[in-house]
Structures are given as structure tokens and as C-alpha cells.
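Dropping input-v5.txt in here (compact mmCIF, C-alpha atoms):
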```
# COMPACT_ATOMS: atom_id res chain seq x y z
CA MET W 23 -53.32 47.73 -29.80
CA PRO W 24 -56.57 49.00 -31.32
CA GLN W 25 -55.41 50.48 -34.67
CA ILE W 26 -53.22 47.55 -35.64
CA ARG W 27 -55.96 45.14 -34.58
CA LYS W 28 -58.49 46.91 -36.76
CA TYR W 29 -56.01 46.76 -39.64
CA LEU W 30 -55.52 43.03 -39.19
CA ARG W 31 -59.20 42.16 -38.90
CA ARG W 32 -60.67 40.42 -41.90
CA ARG W 33 -57.28 40.55 -43.61
CA PHE W 34 -56.31 36.90 -43.59
CA GLY W 35 -58.07 33.55 -43.73
CA LEU W 36 -57.56 29.80 -43.98
CA PHE W 37 -59.19 28.12 -46.99
CA ALA W 38 -56.45 25.64 -47.93
CA VAL W 39 -53.12 24.38 -46.72
CA PHE W 40 -50.31 23.34 -49.02
CA PHE W 41 -46.55 23.25 -48.74
CA GLN W 42 -43.89 25.34 -50.31
CA ALA W 43 -40.11 24.70 -50.19
CA ALA W 44 -37.09 26.75 -51.06
CA ALA W 45 -36.13 24.60 -54.03
CA SER W 46 -32.71 26.11 -54.43
CA LEU W 47 -31.82 24.86 -50.93
CA LEU W 48 -33.45 21.45 -51.45
CA LEU W 49 -35.49 21.81 -48.28
CA VAL W 50 -38.42 19.59 -47.36
CA VAL W 51 -41.44 20.80 -45.38
CA GLN W 52 -43.62 18.29 -43.63
CA SER W 53 -47.34 18.57 -44.20
CA PRO W 54 -48.85 20.83 -41.51
CA LEU W 55 -51.60 19.53 -39.25
CA VAL W 56 -54.70 21.74 -39.42
CA ARG W 57 -57.70 21.38 -37.16
CA ALA W 58 -60.61 23.54 -36.07
CA ALA W 59 -60.05 24.34 -32.42
CA ALA W 60 -63.18 26.23 -31.40
CA ILE W 61 -66.13 28.27 -32.62
CA ILE W 62 -67.33 31.50 -31.01
CA ASP W 63 -70.76 32.81 -32.00
CA SER W 64 -71.61 36.52 -31.90
CA ALA W 65 -67.98 37.59 -31.49
CA ARG W 66 -67.56 41.21 -32.55
CA ASP W 67 -63.82 41.39 -31.81
CA VAL W 68 -61.29 38.60 -31.33
CA GLU W 69 -57.60 38.52 -30.36
CA LEU W 70 -55.31 35.50 -29.93
CA THR W 71 -52.26 34.77 -27.79
CA PHE W 72 -50.22 31.92 -26.35
CA VAL W 73 -49.60 32.40 -22.61
CA ASP W 74 -47.83 29.75 -20.53
CA GLU W 75 -47.98 27.57 -23.67
CA LYS W 76 -51.80 27.73 -23.59
CA LEU W 77 -53.80 29.11 -26.52
CA LEU W 78 -56.12 31.88 -25.34
CA THR W 79 -58.55 34.19 -27.08
CA LEU W 80 -59.88 37.54 -25.92
CA ALA W 81 -63.30 38.13 -27.47
CA PHE W 82 -66.14 40.61 -27.19
CA SER W 83 -69.16 38.32 -27.15
CA GLN W 84 -72.70 38.75 -25.84
CA GLY W 85 -72.02 42.27 -24.65
CA GLN W 86 -68.90 41.56 -22.57
CA TRP W 87 -65.17 41.04 -22.96
CA ARG W 88 -64.04 37.53 -22.01
CA THR W 89 -60.99 35.31 -22.32
CA TYR W 90 -61.31 31.65 -23.28
CA GLN W 91 -58.73 28.87 -23.16
CA ILE W 92 -58.66 26.39 -26.03
CA ASP W 93 -57.46 23.09 -24.64
CA GLY W 94 -56.07 19.98 -26.31
CA GLN W 95 -59.54 18.49 -26.77
CA ASP W 96 -60.59 21.52 -28.86
CA GLN W 97 -62.89 22.73 -26.11
CA LEU W 98 -63.56 26.41 -25.45
CA LEU W 99 -63.22 27.05 -21.71
CA GLU W 100 -64.28 30.44 -20.36
CA ARG W 101 -61.61 31.91 -18.09
CA CYS W 102 -62.19 35.58 -17.22
CA THR W 103 -64.67 38.40 -17.75
CA PHE W 104 -63.69 42.07 -17.85
CA LYS W 105 -65.46 45.37 -17.29
CA GLY W 106 -65.22 48.13 -19.87
CA LYS W 107 -63.23 48.31 -23.09
CA SER W 108 -60.51 45.64 -23.12
CA TRP W 109 -57.51 44.66 -25.25
CA LEU W 110 -54.27 42.71 -25.00
CA THR W 111 -51.07 44.48 -24.02
CA TYR W 112 -48.64 45.02 -26.86
CA ASP W 113 -46.65 41.93 -25.83
CA LYS W 114 -49.92 39.94 -25.57
CA ARG W 115 -49.09 38.77 -22.05
CA ALA W 116 -51.93 40.52 -20.20
CA VAL W 117 -55.34 42.15 -20.67
CA ILE W 118 -55.92 45.88 -20.21
CA SER W 119 -59.44 46.96 -19.22
CA MET W 120 -60.45 50.61 -19.16
CA THR W 121 -63.49 52.33 -17.64
CA ARG W 122 -64.23 56.00 -17.03
CA SER W 123 -63.93 57.42 -13.52
CA ALA W 124 -64.85 60.72 -11.92
CA VAL W 125 -61.30 62.06 -12.37
CA GLY W 126 -60.20 60.30 -15.56
CA SER W 127 -59.84 56.65 -16.50
CA ARG W 128 -59.46 53.50 -14.43
CA ILE W 129 -56.98 51.00 -15.88
CA VAL W 130 -56.93 47.39 -14.70
CA VAL W 131 -54.35 44.90 -15.99
CA SER W 132 -55.12 41.19 -15.54
CA HIS W 133 -53.57 37.84 -16.32
CA PRO W 134 -55.65 36.44 -19.22
CA ARG W 135 -55.79 32.88 -17.85
CA THR W 136 -55.76 33.17 -14.04
CA CYS W 137 -57.73 36.47 -13.98
CA VAL W 138 -55.40 37.82 -11.26
CA GLU W 139 -55.33 41.64 -11.28
CA LEU W 140 -51.74 42.82 -11.72
CA VAL W 141 -52.37 46.59 -11.87
CA ASP W 142 -55.36 48.68 -10.77
CA THR W 143 -54.92 52.43 -11.03
CA VAL W 144 -56.60 55.68 -12.10
CA VAL W 145 -54.97 58.20 -14.45
CA THR W 146 -56.13 61.78 -14.84
CA ALA W 147 -56.84 61.60 -18.56
CA ASN W 148 -59.54 60.47 -20.96
CA VAL W 149 -57.73 57.37 -22.24
CA HIS W 150 -58.12 56.35 -25.87
CA ASP W 151 -55.34 53.76 -26.10
CA ALA W 152 -52.78 52.43 -23.62
CA ASP W 153 -50.03 49.93 -23.02
CA VAL W 154 -48.59 48.74 -19.71
CA GLN W 155 -45.12 47.44 -18.81
CA ILE W 156 -45.59 45.73 -15.47
CA ALA W 157 -41.91 45.07 -14.65
CA ALA W 158 -40.98 48.68 -15.39
CA LYS W 159 -44.11 49.97 -13.56
CA ARG W 160 -45.03 52.22 -16.46
CA ILE W 161 -48.23 53.05 -18.38
CA VAL W 162 -48.25 54.97 -21.65
CA ILE W 163 -51.55 56.37 -22.91
CA SER W 164 -52.98 58.40 -25.74
CA ALA W 165 -55.72 60.92 -24.99
CA ARG W 166 -57.49 63.52 -27.11
CA GLU W 167 -56.97 67.17 -26.21
CA ALA W 168 -58.34 70.04 -28.31
CA GLY W 169 -58.70 67.80 -31.35
CA ARG W 170 -55.17 66.42 -31.09
CA VAL W 171 -53.82 63.13 -29.73
CA GLN W 172 -51.45 63.65 -26.80
CA LEU W 173 -49.15 60.92 -25.51
CA LEU W 174 -48.62 60.71 -21.74
CA LEU W 175 -46.42 58.58 -19.48
CA PHE W 176 -47.64 57.47 -16.04
CA SER W 177 -46.41 55.14 -13.33
CA THR W 178 -48.58 52.15 -12.49
CA ASP W 179 -49.47 54.05 -9.28
CA GLY W 180 -51.17 56.70 -11.41
CA GLU W 181 -48.45 59.36 -11.09
CA HIS W 182 -48.08 61.54 -14.20
CA LEU W 183 -44.40 61.38 -15.24
CA ALA W 184 -44.11 63.10 -18.61
CA ARG W 185 -45.91 64.46 -21.66
CA LEU W 186 -44.22 62.68 -24.56
CA GLY W 187 -45.74 64.83 -27.29
CA PHE W 188 -48.55 64.86 -29.83
CA ALA W 189 -49.38 62.62 -32.78
CA ARG W 190 -51.87 62.55 -35.63
CA ASN W 191 -52.85 59.08 -34.44
CA ALA W 192 -51.38 56.67 -31.93
CA GLU W 193 -50.37 53.02 -31.79
CA LEU W 194 -48.48 52.71 -28.52
CA GLY W 195 -46.31 49.94 -27.17
CA PHE W 196 -43.34 49.16 -24.93
CA SER W 197 -40.24 47.39 -26.19
CA PRO W 198 -39.89 43.84 -24.77
CA ASP W 199 -37.25 44.97 -22.26
CA GLY W 200 -39.57 47.73 -21.02
CA ASN W 201 -36.96 50.43 -21.55
CA THR W 202 -38.49 52.17 -24.56
CA VAL W 203 -41.91 53.58 -25.47
CA ILE W 204 -42.77 53.50 -29.17
CA ASN W 205 -45.56 55.26 -31.03
CA PHE W 206 -46.28 53.96 -34.53
CA ASP W 207 -47.86 56.97 -36.24
CA HIS W 208 -49.68 55.49 -39.21
CA ALA W 209 -50.35 58.91 -40.71
CA GLY W 210 -47.08 58.60 -42.62
CA SER W 211 -44.34 59.82 -40.29
CA LYS W 212 -41.62 57.76 -38.65
CA ALA W 213 -42.18 55.93 -35.39
CA SER W 214 -41.22 57.96 -32.30
CA LEU W 215 -39.17 56.54 -29.42
CA TRP W 216 -38.90 57.66 -25.78
CA ARG W 217 -37.06 56.38 -22.72
CA ALA W 218 -39.63 54.70 -20.46
CA ARG W 219 -37.85 55.71 -17.27
CA ASP W 220 -38.37 59.46 -17.66
CA GLY W 221 -39.94 60.12 -21.09
CA ALA W 222 -36.79 61.51 -22.69
CA SER W 223 -36.84 61.42 -26.49
CA GLN W 224 -34.61 58.86 -28.22
CA SER W 225 -33.18 58.77 -31.73
CA ASN W 226 -35.04 56.63 -34.27
CA PRO W 227 -32.85 54.44 -36.53
CA PHE W 228 -35.76 53.21 -38.65
CA ASP W 229 -36.97 54.53 -42.01
CA SER W 230 -40.35 56.16 -42.53
CA GLY W 231 -43.19 53.83 -43.38
CA VAL W 232 -41.86 50.70 -41.63
CA ASP W 233 -43.67 48.63 -39.03
CA LEU W 234 -41.83 47.17 -36.04
CA ILE W 235 -42.59 43.60 -34.96
CA PHE W 236 -41.14 42.40 -31.65
CA ALA W 237 -40.12 38.83 -30.92
CA PRO W 238 -41.62 37.80 -27.55
CA GLU W 239 -39.36 37.49 -24.50
CA SER W 240 -36.27 38.70 -26.37
CA PRO W 241 -34.62 41.91 -27.63
CA VAL W 242 -35.10 40.88 -31.28
CA VAL W 243 -37.16 43.29 -33.37
CA PHE W 244 -38.07 43.23 -37.06
CA SER W 245 -38.55 46.32 -39.20
CA THR W 246 -40.74 45.51 -42.17
CA ARG W 247 -42.20 47.10 -45.28
CA PRO W 248 -43.59 45.48 -48.48
CA GLY W 249 -40.95 43.15 -49.92
CA ARG W 250 -38.27 44.09 -47.38
CA ALA W 251 -37.49 43.29 -43.76
CA THR W 252 -34.58 43.52 -41.35
CA ARG W 253 -33.87 41.53 -38.21
CA HIS W 254 -32.35 43.67 -35.45
CA SER W 255 -30.65 42.37 -32.30
CA GLY W 256 -32.35 45.25 -30.45
CA LEU W 257 -33.84 48.65 -31.21
CA LEU W 258 -30.33 50.02 -31.69
CA GLY W 259 -28.58 46.71 -32.33
CA ASP W 260 -26.99 44.96 -35.31
CA ALA W 261 -29.15 44.56 -38.42
CA GLN W 262 -29.54 41.54 -40.69
CA PRO W 263 -31.52 42.00 -43.95
CA LEU W 264 -34.15 39.36 -44.79
CA VAL W 265 -35.43 38.41 -48.22
CA LEU W 266 -39.21 38.40 -48.61
CA SER W 267 -41.19 37.48 -51.71
CA GLY W 268 -43.08 40.14 -53.66
CA ASP W 269 -44.90 42.54 -51.36
CA GLU W 270 -44.79 40.38 -48.22
CA VAL W 271 -44.61 42.04 -44.80
CA ILE W 272 -44.00 40.45 -41.40
CA ARG W 273 -47.07 40.20 -39.17
CA ASN W 274 -45.89 38.00 -36.27
CA ALA W 275 -42.66 36.61 -34.79
CA SER W 276 -41.92 33.70 -32.50
CA ARG W 277 -39.79 33.83 -29.37
CA PHE W 278 -36.28 35.12 -30.20
CA GLY W 279 -37.40 35.62 -33.81
CA ALA W 280 -36.80 32.03 -34.92
CA SER W 281 -39.93 31.94 -37.08
CA ILE W 282 -42.13 34.62 -38.64
CA VAL W 283 -45.59 34.84 -40.17
CA VAL W 284 -45.73 36.99 -43.29
CA GLN W 285 -48.62 38.44 -45.27
CA ALA W 286 -48.66 39.04 -49.02
CA PRO W 287 -51.30 40.55 -51.33
CA ASN W 288 -53.60 38.15 -53.15
CA LEU W 289 -53.93 39.40 -56.73
CA GLN W 290 -56.98 37.24 -57.42
CA GLN W 291 -58.75 38.24 -54.18
CA PRO W 292 -57.35 41.58 -52.94
CA ALA W 293 -59.52 41.47 -49.78
CA PHE W 294 -57.98 38.12 -48.74
CA PRO W 295 -54.18 38.40 -48.39
CA ASN W 296 -52.04 35.26 -48.33
CA LEU W 297 -50.36 34.14 -45.13
CA ARG W 298 -47.35 31.85 -44.65
CA LEU W 299 -45.06 30.66 -41.85
CA ILE W 300 -41.29 30.84 -42.38
CA ASP W 301 -38.56 29.08 -40.39
CA LEU W 302 -35.63 31.50 -40.51
CA ALA W 303 -33.01 28.88 -39.64
CA SER W 304 -33.73 26.81 -42.76
CA ASN W 305 -35.72 29.23 -44.99
CA ALA W 306 -38.39 26.53 -45.23
CA SER W 307 -41.99 27.75 -45.26
CA VAL W 308 -45.60 26.59 -45.11
CA ALA W 309 -48.45 28.42 -46.81
CA LEU W 310 -51.38 29.14 -44.50
CA GLY W 311 -53.95 30.20 -47.12
CA SER W 312 -56.15 33.29 -47.31
CA GLY W 313 -59.59 34.54 -46.29
CA HIS W 314 -61.41 36.56 -43.60
CA ILE W 315 -59.04 36.71 -40.60
CA ASP W 316 -59.48 38.57 -37.34
CA ALA W 317 -56.24 37.57 -35.58
CA VAL W 318 -53.15 35.39 -35.75
CA ALA W 319 -50.78 34.19 -33.00
CA MET W 320 -47.76 31.89 -32.79
CA ASP W 321 -46.44 29.71 -29.97
CA SER W 322 -43.00 30.24 -28.45
CA ALA W 323 -41.43 27.44 -30.50
CA GLY W 324 -42.61 29.02 -33.74
CA THR W 325 -44.16 25.79 -35.07
CA GLU W 326 -47.83 26.30 -34.19
CA VAL W 327 -49.98 29.12 -35.51
CA ALA W 328 -53.52 29.93 -34.38
CA VAL W 329 -55.81 31.72 -36.82
CA ALA W 330 -59.20 33.30 -36.08
CA ILE W 331 -61.38 33.05 -39.21
CA ARG W 332 -64.57 35.08 -39.45
CA ALA W 333 -67.53 33.83 -41.46
CA PRO W 334 -68.32 35.95 -44.56
CA ARG W 335 -71.58 37.02 -42.92
CA GLY W 336 -72.41 37.42 -39.25
CA ASN W 337 -70.14 37.28 -36.22
CA ARG W 338 -69.22 33.59 -36.07
CA VAL W 339 -65.47 33.07 -35.65
CA THR W 340 -63.68 29.74 -36.05
CA ILE W 341 -60.27 29.43 -34.42
CA SER W 342 -58.01 26.94 -36.19
CA ARG W 343 -54.57 25.66 -35.26
CA VAL W 344 -51.82 24.92 -37.77
CA LYS W 345 -48.83 22.89 -36.60
CA ALA W 346 -45.93 22.57 -39.05
CA ALA W 347 -42.66 20.69 -38.68
CA PHE W 348 -39.69 21.93 -40.69
CA THR W 349 -37.09 19.37 -41.80
CA PRO W 350 -33.81 20.34 -43.59
```
Hey, can you dump this file as C-alpha cells for me?
Amino acid sequence: MPQIRKYLRRRFGLFAVFFQAAASLLLVVQSPLVRAAAIIDSARDVELTFVDEKLLTLAFSQGQWRTYQIDGQDQLLERCTFKGKSWLTYDKRAVISMTRSAVGSRIVVSHPRTCVELVDTVVTANVHDADVQIAAKRIVISAREAGRVQLLLFSTDGEHLARLGFARNAELGFSPDGNTVINFDHAGSKASLWRARDGASQSNPFDSGVDLIFAPESPVVFSTRPGRATRHSGLLGDAQPLVLSGDEVIRNASRFGASIVVQAPNLQQPAFPNLRLIDLASNASVALGSGHIDAVAMDSAGTEVAVAIRAPRGNRVTISRVKAAFTP
């Protein structure tokens, strides 16, 4: 979603790869394989995702939003082009494109690799941000009204279902099961939760100031803040505390939450936070380095990480792949 993506841009990078083990557990980490996968010139914005086990990037390049597939031969293959402002859905499984219409905003949801349009509808609002849950046939949007951000729930047919409320800013997403709408208000208040079926407000079990990171294709969710994290079996499920080093926070999770990518401040270079991959089953980890990063994504197995690295000057982005094998 736009605010989180802006926050992540130029926050990480990949200058060196080394390994790190949990010495107290006598774990061994195999050396990760790092290789440059592709280079995109003149890319203003870049997002990464693994869909159907294929590495894809959504990039704004040469005046248009496009998706590219990065194949095993490190070739950049153009897949789809999109009209209007575009971004990945919160679960990174589809692309949302938004254009203005005579009565509001047209929202088109497409598969990022096949380009098949999954949703095409018009909502009667000036959309600023949105997320779509295709299985639940729901769209949640934020729109400005009289200087405030209002949050609205629609069906994928364009029917207005509920006004969820107002926020100082909005970072909207659906839970993986599609049952809950979440707004991460980064102005300092707690996240707000609503029932996706009818927009009814739900209780929020999370503390103020935490981010929520969902594990793809599963109910697992992580609540994270500097130096602390908790693994939940669902939004209202059992909680398991995790130990992070220093001021680390979780930035990505693999399918079912088996592995996580965490970010930590770099005291020597505050603009370039450190990034590392952790296998939660063994507590083994691999350091991924630091630098200018636009995006990071992880495959379903949790052993391959893709990193989009922006050059210090200009709009050239190099997408690298890091594959690590953890051995107890």
C-alpha cells in the first residue's frame, strides 16, 4: 500500500553478504547464493512479489506502470501494462489500477503475470488508496472529504456498503482470510479493525505503535515494534513472543510464517538499515546487508529473498536474489 511502500523505499540495500549463527544453539548457516537478477533503468517506483513461484516486479518506468517477470536466466520479461496509478494488493497477489471517472474512480484488479482482469468496477468516491479482497468480493478505500480521510467499504460490483470512519492517514488492507479490514494509522493511534462482511467495528487486541505483518496464504500474523515481536495464530488467536536483536522490526514473512525478514538500524549509516533473514524453526539467520532499497519480497518456502536496490543517483534499480539454506 502506498504509505508503507514509501516508508520502505531507499531503506535497505545489499552491499555485502555474510553469515551469522546463533552460537548458543550451535547452528550452522550455509553461505547464501547472491546474484543480480535484472536491471531496470528509469524506474521511479518498484515493488516485488512472488506469484505462482515466479519472481515479478511492478515498476513505473518510461511513463507507465508495468509488470516484469524475472526468469531463471536472469532475464527481464515484460508481462503487463496498466493504465493509471497502480500498486500491488496488500497480499501482493494482484495489481490494482485506478483512474478517474465521471462519477468517481474506476478500479481494475489484474493478475500480475497473466494480465487477466479479475475486477473492473467504478466506485462513487475520489480514491486515494484501496485494497481488494477478490474471494470476499470486497473493496476498501480511503478518500479525502473536507480535509479528512474517510474510509469506505464497497462490494466489487461498486455497491457502497458502509462508512467505516475517519483517520488522520490511511494504510488499508484485508486480513489473509478476507474477513477483516485493517487500517494502520501511522499518526500514532492503534490500528482499527472492521468486519469485511458488513463494516461492523471489531475489538483491537494490539498495542499502539505496532505494525502488523501477515504471512501469505495463512492466518498467521506478526505484531512488531523495535526490539519486540509476537507471532499470532490469527488476529485474535494465540500469541507467541519472539526475540529480536536490538531495534529490529519484522518487514516480511514467508508462507505460514516459517521465515521472516527483519530490519535493524545501522549506527554507522543511519540511512541504510541492516536486513537479515531468520528461519524461525532453527533460529538460524543470514545477514542481507544494507543500502538503498526500494522493495523486498520472499518466496513461499522462505529461503529466497528478492531485493530491489536503487543506485545512489538516478533511477536505475538492480533486482538481486538471495537464496539461503539453513542447516541445524
Which neighbours of Thr111 (chain W) fall inside 9 Å, counting only C-alpha atoms, when residues of the same chain fewer than 6 positions from it are skipped, and could you give them as number ranges by chain?
W: 23, 117-118, 131, 152-155, 195
For region 322-336 of chain W, list every protein, DNA or RNA residue within 8 Å, evaluated using only C-alpha atoms, and leave out those in the same chain fewer than 6 positions away; present the list as a PyMOL selection string.
chain W and resi 32+34-36+64+68-70+72+75+77+238+275-277+280-282+301+313-316+342-347
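Here CA of Gly311 (chain W) is placed at a distance of 14.2 Å from CA of Ile341 (chain W).
The list of residues with at least one atom within 8 Å of Val171 (chain W), based on only C-alpha atoms and without residues fewer than 6 positions apart in the same chain, reads Ser164, Ala165, Phe188, Ala189, Arg190, Asn191 and Ala192 of chain W.
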Written selection (C-alpha atoms) as a JSON list (two decimals), in the coordinates of the input:
```
[["chain", "number", "residue", "atom", "x", "y", "z"],
["W", 164, "SER", "CA", -52.98, 58.40, -25.74],
["W", 165, "ALA", "CA", -55.72, 60.92, -24.99],
["W", 188, "PHE", "CA", -48.55, 64.86, -29.83],
["W", 189, "ALA", "CA", -49.38, 62.62, -32.78],
["W", 190, "ARG", "CA", -51.87, 62.55, -35.63],
["W", 191, "ASN", "CA", -52.85, 59.08, -34.44],
["W", 192, "ALA", "CA", -51.38, 56.67, -31.93]]
```
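Among the candidates W:Asn296, W:Asn305, W:Thr340, W:Ser119, the one nearest to Gln86 (chain W) when counting all atoms listed in the file is W:Ser119.
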Find the distance between CA of Arg166 (chain W) and CA of Ser197 (chain W) and write it in Å to one decimal.
23.6 Å
Which of W:Met320, W:Ile163, W:Ala303, W:Ala168 sits closest to Met120 (chain W) [using only C-alpha atoms]
W:Ile163
Coordinates-based distance that separates CA of Gly249 (chain W) from CA of Gly268 (chain W) (Å, one decimal)
5.3 Å
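Among the candidates W:Phe294, W:Ser230, W:Ile156, W:Ala184, the one nearest to Tyr112 (chain W) when counting only C-alpha atoms is W:Ile156.
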Need to verify the contact set: Val73 (chain W), 8 Å, all atoms listed in the file, exclusion of same-chain residues closer than 4 positions in sequence. Can you return it as a PyMOL selection string?
chain W and resi 77-78+115+135
Selection near Pro198 (chain W), 7 Å with all atoms listed in the file, sequence-local residues under 2 positions removed, as a list in words:
Phe196, Gly200, Pro238, Glu239, Ser240 and Pro241 of chain W
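Closest approach to Asp74 (chain W) among W:Ala317, W:Val149, W:Ala116, W:Leu183 is made by W:Ala116 (distances from only C-alpha atoms).
Among the candidates W:Asn337, W:Ile92, W:Arg160, W:Arg122, the one nearest to Asp220 (chain W) when counting all atoms listed in the file is W:Arg160.
Between Ile161 (chain W) and the candidates W:Val203, W:Glu139, W:Ala306, W:Thr121, the tightest atom-to-atom separation, counting only C-alpha atoms, involves W:Val203.
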Work out where the centre of an axis-aligned box around every listed atom of region 326-336 of chain W lies and how long its edges are once 4 Å is added on each side; give both in Å to one decimal as AutoDock Vina command-line options.
```
--center_x -60.1 --center_y 31.9 --center_z -39.4 --size_x 32.6 --size_y 19.1 --size_z 18.4
```
